[in-house]
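Reproduced below: structure.cif, with mmCIF, C-alpha atoms and all ligand atoms.
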data_upload
loop_
_atom_site.label_atom_id
_atom_site.label_comp_id
_atom_site.auth_asym_id
_atom_site.auth_seq_id
_atom_site.Cartn_x
_atom_site.Cartn_y
_atom_site.Cartn_z
CA MET A 67 0.00 0.00 0.00
CA ASP A 68 1.19 3.49 -0.85
CA PHE A 69 1.34 5.25 2.50
CA SER A 70 1.19 8.90 1.56
CA HIS A 71 -2.25 10.04 0.51
CA LYS A 72 -4.69 12.88 0.56
CA ILE A 73 -8.38 12.17 0.10
CA ILE A 74 -11.34 14.56 0.00
CA THR A 75 -14.69 13.23 1.20
CA LYS A 76 -18.06 14.88 0.63
CA SER A 77 -20.07 12.92 3.19
CA ALA A 78 -19.72 10.93 6.38
CA GLN A 79 -20.47 7.81 4.32
CA GLU A 80 -17.48 8.53 2.10
CA THR A 81 -15.22 9.02 5.13
CA ALA A 82 -16.40 5.71 6.60
CA GLY A 83 -15.80 4.12 3.19
CA VAL A 84 -12.15 5.22 3.20
CA GLY A 85 -11.79 3.76 6.69
CA GLU A 86 -13.43 0.53 5.58
CA GLU A 87 -11.04 0.09 2.67
CA ILE A 88 -8.05 0.57 4.95
CA GLY A 89 -9.53 -1.82 7.52
CA ASN A 90 -9.96 -4.38 4.74
CA ASN A 91 -6.38 -4.14 3.56
CA LEU A 92 -4.31 -3.30 6.61
CA LYS A 93 -1.44 -5.67 7.34
CA SER A 94 0.84 -3.33 9.26
CA PRO A 95 1.44 -1.13 11.13
CA ARG A 96 -1.15 -2.05 13.75
CA VAL A 97 -1.30 1.42 15.28
CA LEU A 98 -3.30 4.20 13.61
CA CYS A 99 -3.03 7.68 15.08
CA PHE A 100 -5.74 10.26 14.37
CA TYR A 101 -5.35 14.02 14.54
CA GLY A 102 -7.71 16.90 13.80
CA GLU A 103 -10.19 19.22 15.45
CA LEU A 104 -13.48 18.15 17.03
CA GLY A 105 -16.01 16.86 14.54
CA THR A 106 -13.66 16.41 11.59
CA GLY A 107 -14.48 12.73 11.07
CA LYS A 108 -12.13 10.63 13.19
CA THR A 109 -14.81 8.47 14.79
CA THR A 110 -16.69 8.25 11.48
CA PHE A 111 -13.52 6.87 9.86
CA VAL A 112 -13.00 4.35 12.68
CA GLN A 113 -16.59 3.11 12.26
CA GLY A 114 -15.77 2.21 8.67
CA PHE A 115 -12.39 0.84 9.64
CA ALA A 116 -13.98 -1.56 12.17
CA LYS A 117 -16.41 -2.72 9.51
CA GLY A 118 -13.46 -3.38 7.19
CA LEU A 119 -11.94 -5.60 9.87
CA GLY A 120 -15.17 -7.60 9.94
CA ILE A 121 -16.45 -6.17 13.22
CA THR A 122 -20.24 -6.10 13.10
CA SER A 123 -21.11 -4.64 16.50
CA ARG A 124 -22.00 -0.96 16.61
CA LEU A 125 -18.96 1.23 17.19
CA LEU A 126 -19.62 4.08 19.60
CA SER A 127 -17.33 7.02 20.28
CA PRO A 128 -15.15 6.33 23.33
CA THR A 129 -15.10 10.05 24.22
CA PHE A 130 -16.28 9.67 27.81
CA ILE A 131 -14.91 6.24 28.64
CA ILE A 132 -11.58 6.76 26.81
CA VAL A 133 -11.17 3.20 25.51
CA ARG A 134 -13.46 0.63 23.92
CA ARG A 135 -12.44 -2.88 22.93
CA TYR A 136 -13.87 -5.05 20.15
CA ASN A 137 -13.19 -8.65 19.13
CA ILE A 138 -11.73 -8.95 15.63
CA PRO A 139 -13.28 -11.92 13.80
CA ASP A 140 -10.86 -14.77 13.01
CA SER A 141 -8.14 -13.15 15.10
CA ALA A 142 -6.69 -13.66 18.56
CA GLY A 143 -6.47 -9.91 18.98
CA PHE A 144 -8.73 -6.94 19.65
CA LEU A 145 -9.46 -3.59 18.12
CA TYR A 146 -8.76 -0.99 20.81
CA HIS A 147 -10.39 2.39 20.09
CA LEU A 148 -9.08 5.21 22.24
CA ASP A 149 -10.13 8.86 22.49
CA LEU A 150 -7.49 10.74 24.45
CA TYR A 151 -9.15 14.17 24.26
CA ARG A 152 -9.69 14.27 28.03
CA VAL A 153 -6.54 12.40 28.99
CA GLU A 154 -3.19 13.64 30.24
CA GLU A 155 0.07 11.90 29.46
CA LYS A 156 0.55 10.96 33.11
CA ASP A 157 -2.70 8.94 33.03
CA LEU A 158 -1.67 6.75 30.10
CA ALA A 159 0.12 4.13 32.20
CA GLU A 160 -2.94 3.18 34.24
CA LEU A 161 -5.04 2.97 31.08
CA GLY A 162 -2.84 0.05 30.00
CA VAL A 163 -1.81 1.80 26.80
CA SER A 164 1.59 0.16 26.75
CA ASP A 165 0.09 -3.36 26.79
CA MET A 166 -2.29 -2.46 23.97
CA LEU A 167 0.49 -0.99 21.85
CA SER A 168 2.76 -3.99 22.34
CA ASP A 169 0.18 -6.73 21.67
CA PRO A 170 1.17 -8.13 18.24
CA ASP A 171 -2.33 -9.52 17.62
CA SER A 172 -4.25 -6.33 18.35
CA ILE A 173 -4.93 -3.17 16.39
CA VAL A 174 -4.97 0.18 18.17
CA VAL A 175 -6.70 3.29 16.80
CA ILE A 176 -6.21 6.50 18.74
CA GLU A 177 -8.14 9.78 18.42
CA TRP A 178 -6.21 12.82 19.69
CA ALA A 179 -3.01 10.75 19.43
CA GLU A 180 -0.82 13.81 20.08
CA LYS A 181 -1.69 13.17 23.74
CA LEU A 182 0.50 10.04 23.58
CA GLY A 183 3.61 12.22 23.75
CA ASN A 184 6.58 9.96 24.34
CA TRP A 185 4.39 6.86 24.05
CA LEU A 186 3.81 7.43 20.35
CA PRO A 187 5.19 4.31 18.65
CA LYS A 188 7.53 4.68 15.68
CA ASP A 189 5.70 2.04 13.69
CA ARG A 190 2.35 3.67 13.01
CA VAL A 191 0.16 5.42 10.47
CA ASP A 192 -0.69 9.09 11.05
CA ILE A 193 -4.10 10.18 9.76
CA THR A 194 -5.01 13.87 9.91
CA PHE A 195 -8.53 15.22 9.43
CA SER A 196 -9.69 18.70 8.56
CA VAL A 197 -12.78 20.44 7.25
CA LEU A 198 -12.23 22.55 4.13
CA PRO A 199 -13.89 25.96 3.60
CA ASN A 200 -16.42 24.36 1.22
CA GLY A 201 -17.48 21.86 3.90
CA ASN A 202 -15.74 18.84 2.43
CA HIS A 203 -13.48 16.87 4.73
CA GLU A 204 -9.82 16.22 3.98
CA ILE A 205 -8.04 13.08 5.15
CA ARG A 206 -4.27 12.87 4.89
CA TYR A 207 -2.36 9.80 5.88
CA GLN A 208 1.24 8.79 5.98
CA LYS A 209 3.46 6.28 7.70
CA GLY A 210 4.83 7.63 10.95
CA ASN A 211 8.32 7.96 12.40
N1 LIG A 301 -17.11 14.40 4.62
C1 LIG A 301 -17.38 14.11 5.92
N2 LIG A 301 -16.56 13.29 6.58
C2 LIG A 301 -16.78 13.00 7.88
N3 LIG A 301 -17.78 13.48 8.62
C3 LIG A 301 -18.63 14.29 8.01
C4 LIG A 301 -18.47 14.65 6.65
N4 LIG A 301 -19.44 15.49 6.36
C5 LIG A 301 -20.14 15.63 7.47
N5 LIG A 301 -19.68 14.88 8.49
C6 LIG A 301 -20.21 14.84 9.86
O1 LIG A 301 -19.22 15.36 10.72
C7 LIG A 301 -19.29 14.71 11.98
C8 LIG A 301 -17.94 14.09 12.31
O2 LIG A 301 -18.01 13.59 13.61
P1 LIG A 301 -16.97 12.56 14.22
O3 LIG A 301 -17.55 12.14 15.51
O4 LIG A 301 -16.59 11.49 13.23
O5 LIG A 301 -15.71 13.51 14.45
P2 LIG A 301 -14.46 13.31 15.39
O6 LIG A 301 -13.31 13.82 14.60
O7 LIG A 301 -14.39 11.91 15.88
O8 LIG A 301 -14.74 14.30 16.60
P3 LIG A 301 -14.21 14.24 18.12
O9 LIG A 301 -12.84 14.87 18.14
O10 LIG A 301 -15.22 15.08 18.85
O11 LIG A 301 -14.20 12.81 18.58
C9 LIG A 301 -20.39 13.65 11.89
O12 LIG A 301 -21.59 14.18 12.40
C10 LIG A 301 -20.53 13.45 10.38
O13 LIG A 301 -21.82 13.04 10.02
MG MG A 302 -14.41 11.11 17.80
#
Before anything else, please render the file you have as structure tokens.
Ligand SMILES: Nc1ncnc2c1ncn2[C@@H]1O[C@H](COP(=O)(O)OP(=O)(O)OP(=O)(O)O)[C@@H](O)[C@H]1O
Ligand SMILES: [Mg+2]
Amino acid sequence: MDFSHKIITKSAQETAGVGEEIGNNLKSPRVLCFYGELGTGKTTFVQGFAKGLGITSRLLSPTFIIVRRYNIPDSAGFLYHLDLYRVEEKDLAELGVSDMLSDPDSIVVIEWAEKLGNWLPKDRVDITFSVLPNGNHEIRYQKGN
């Protein structure tokens, strides 16, 4: 997969569709970091991404509970969906973030990933969301390091 892309979406469905395609095809890295202001489409993307992994349960935003976990069909691992908007770096240890990031079977998707600070793994994909003046949403993604 070419890991430097910019995509414009005109609807939430399109944003979820981009996520679904990536969920369908992702081999590695297993950590996806999401950046962008409130309401730019991060959770919408993750809903499609989970569908692409074969997860059929409804994916809710983890805004208030910080982390949600889903079984991945035909896999020993989990999809961990984190929203760090309300989290400080000093609280990451007790959330178990390090175990999630180091589990080779699991996939970790993180909204407001800049809050990871020093915990940000080198092997990751960075996905940045913004809303354009015309109301379309822009999604840029590239391999981290
Ligand atoms: N092209 C588009 N892509 C994504 N979302 C869109 C688009 N057009 C409109 N929307 C709407 O924008 C909102 C995006 O909300 P979403 O919860 O995905 O954002 P978020 O980035 O996760 O926000 P937060 O930082 O609060 O968690 C949804 O209500 C969605 O329907
Ligand atoms: Mg969200």
Within 6 Å of ligand MG 302 (chain A), counting only C-alpha atoms and all ligand atoms: which residues, as a VMD selection string? chain A and resid 108 to 109 127
Generate a file of the selected residues that holds C-alpha atoms, formatted as a JSON list (two decimals), in the frame of the given file.
[["chain", "number", "residue", "atom", "x", "y", "z"],
["A", 108, "LYS", "CA", -12.13, 10.63, 13.19],
["A", 109, "THR", "CA", -14.81, 8.47, 14.79],
["A", 127, "SER", "CA", -17.33, 7.02, 20.28]]
Just checking: using only C-alpha atoms, which residue out of A:Leu119, A:Gly114, A:Gly162, A:Lys76 ends up closest to Asn91 (chain A)? A:Leu119
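Taking only C-alpha atoms into account, Pro187 (chain A) lies nearest to A:Gly210 out of the set A:Gly120, A:Gly210, A:Gly83, A:Gly102.
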Please tell me which residues are no farther than 9 Å from (-1.5, 6.9, 24.4) in the file, counting only C-alpha atoms, and write them as a VMD selection string. chain A and resid 148 150 153 155 157 to 159 161 to 164 167 176 178 to 186
Any idea what's packed within 12 Å of Gln113 (chain A), counting only C-alpha atoms, ignoring anything in its chain fewer than 4 positions away? Could you give it as a PyMOL selection string? chain A and resi 78-89+107-109+117-128+136+145+147+175
Which residue of A:Leu98, A:Val133, A:Leu104, A:Val174 approaches ligand LIG 301 (chain A) most closely, using all atoms listed in the file: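 Of A:Leu98, A:Val133, A:Leu104, A:Val174, the one nearest ligand LIG 301 (chain A) is A:Leu104, counting all atoms listed in the file.
When CA of Phe100 (chain A) is paired with CA of Asn200 (chain A), their separation reads 22.0 Å.
Closest approach to ligand LIG 301 (chain A) from the set A:Ile131, A:Phe115, A:His203, A:Pro170 is made by A:His203, with distances taken over all atoms listed in the file.
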I'd like to know which of A:Ser172, A:Ser77, A:Asn202, A:Gln208 is closest to Thr110 (chain A), using all atoms listed in the file. A:Ser77
Let me make sure I understand: among A:Val97, A:Asp171, A:Lys156, A:Thr129, which one has the smallest atom-to-atom distance to Ser141 (chain A) if we use only C-alpha atoms? A:Asp171
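Our summary of the geometry notes that CA of Tyr101 (chain A) is positioned 19.2 Å from CA of Met166 (chain A).
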Quick one: axis-aligned box around all listed atoms of ligand LIG 301 (chain A), 5 Å on every side, centre and edge lengths in Å to one decimal, written as JSON.
{"center_x": -17.3, "center_y": 13.6, "center_z": 11.7, "size_x": 19.0, "size_y": 14.1, "size_z": 24.2}
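Atom pair CA of Asp189 (chain A) / CA of Arg135 (chain A) has a distance of 20.9 Å (rounded to one decimal).
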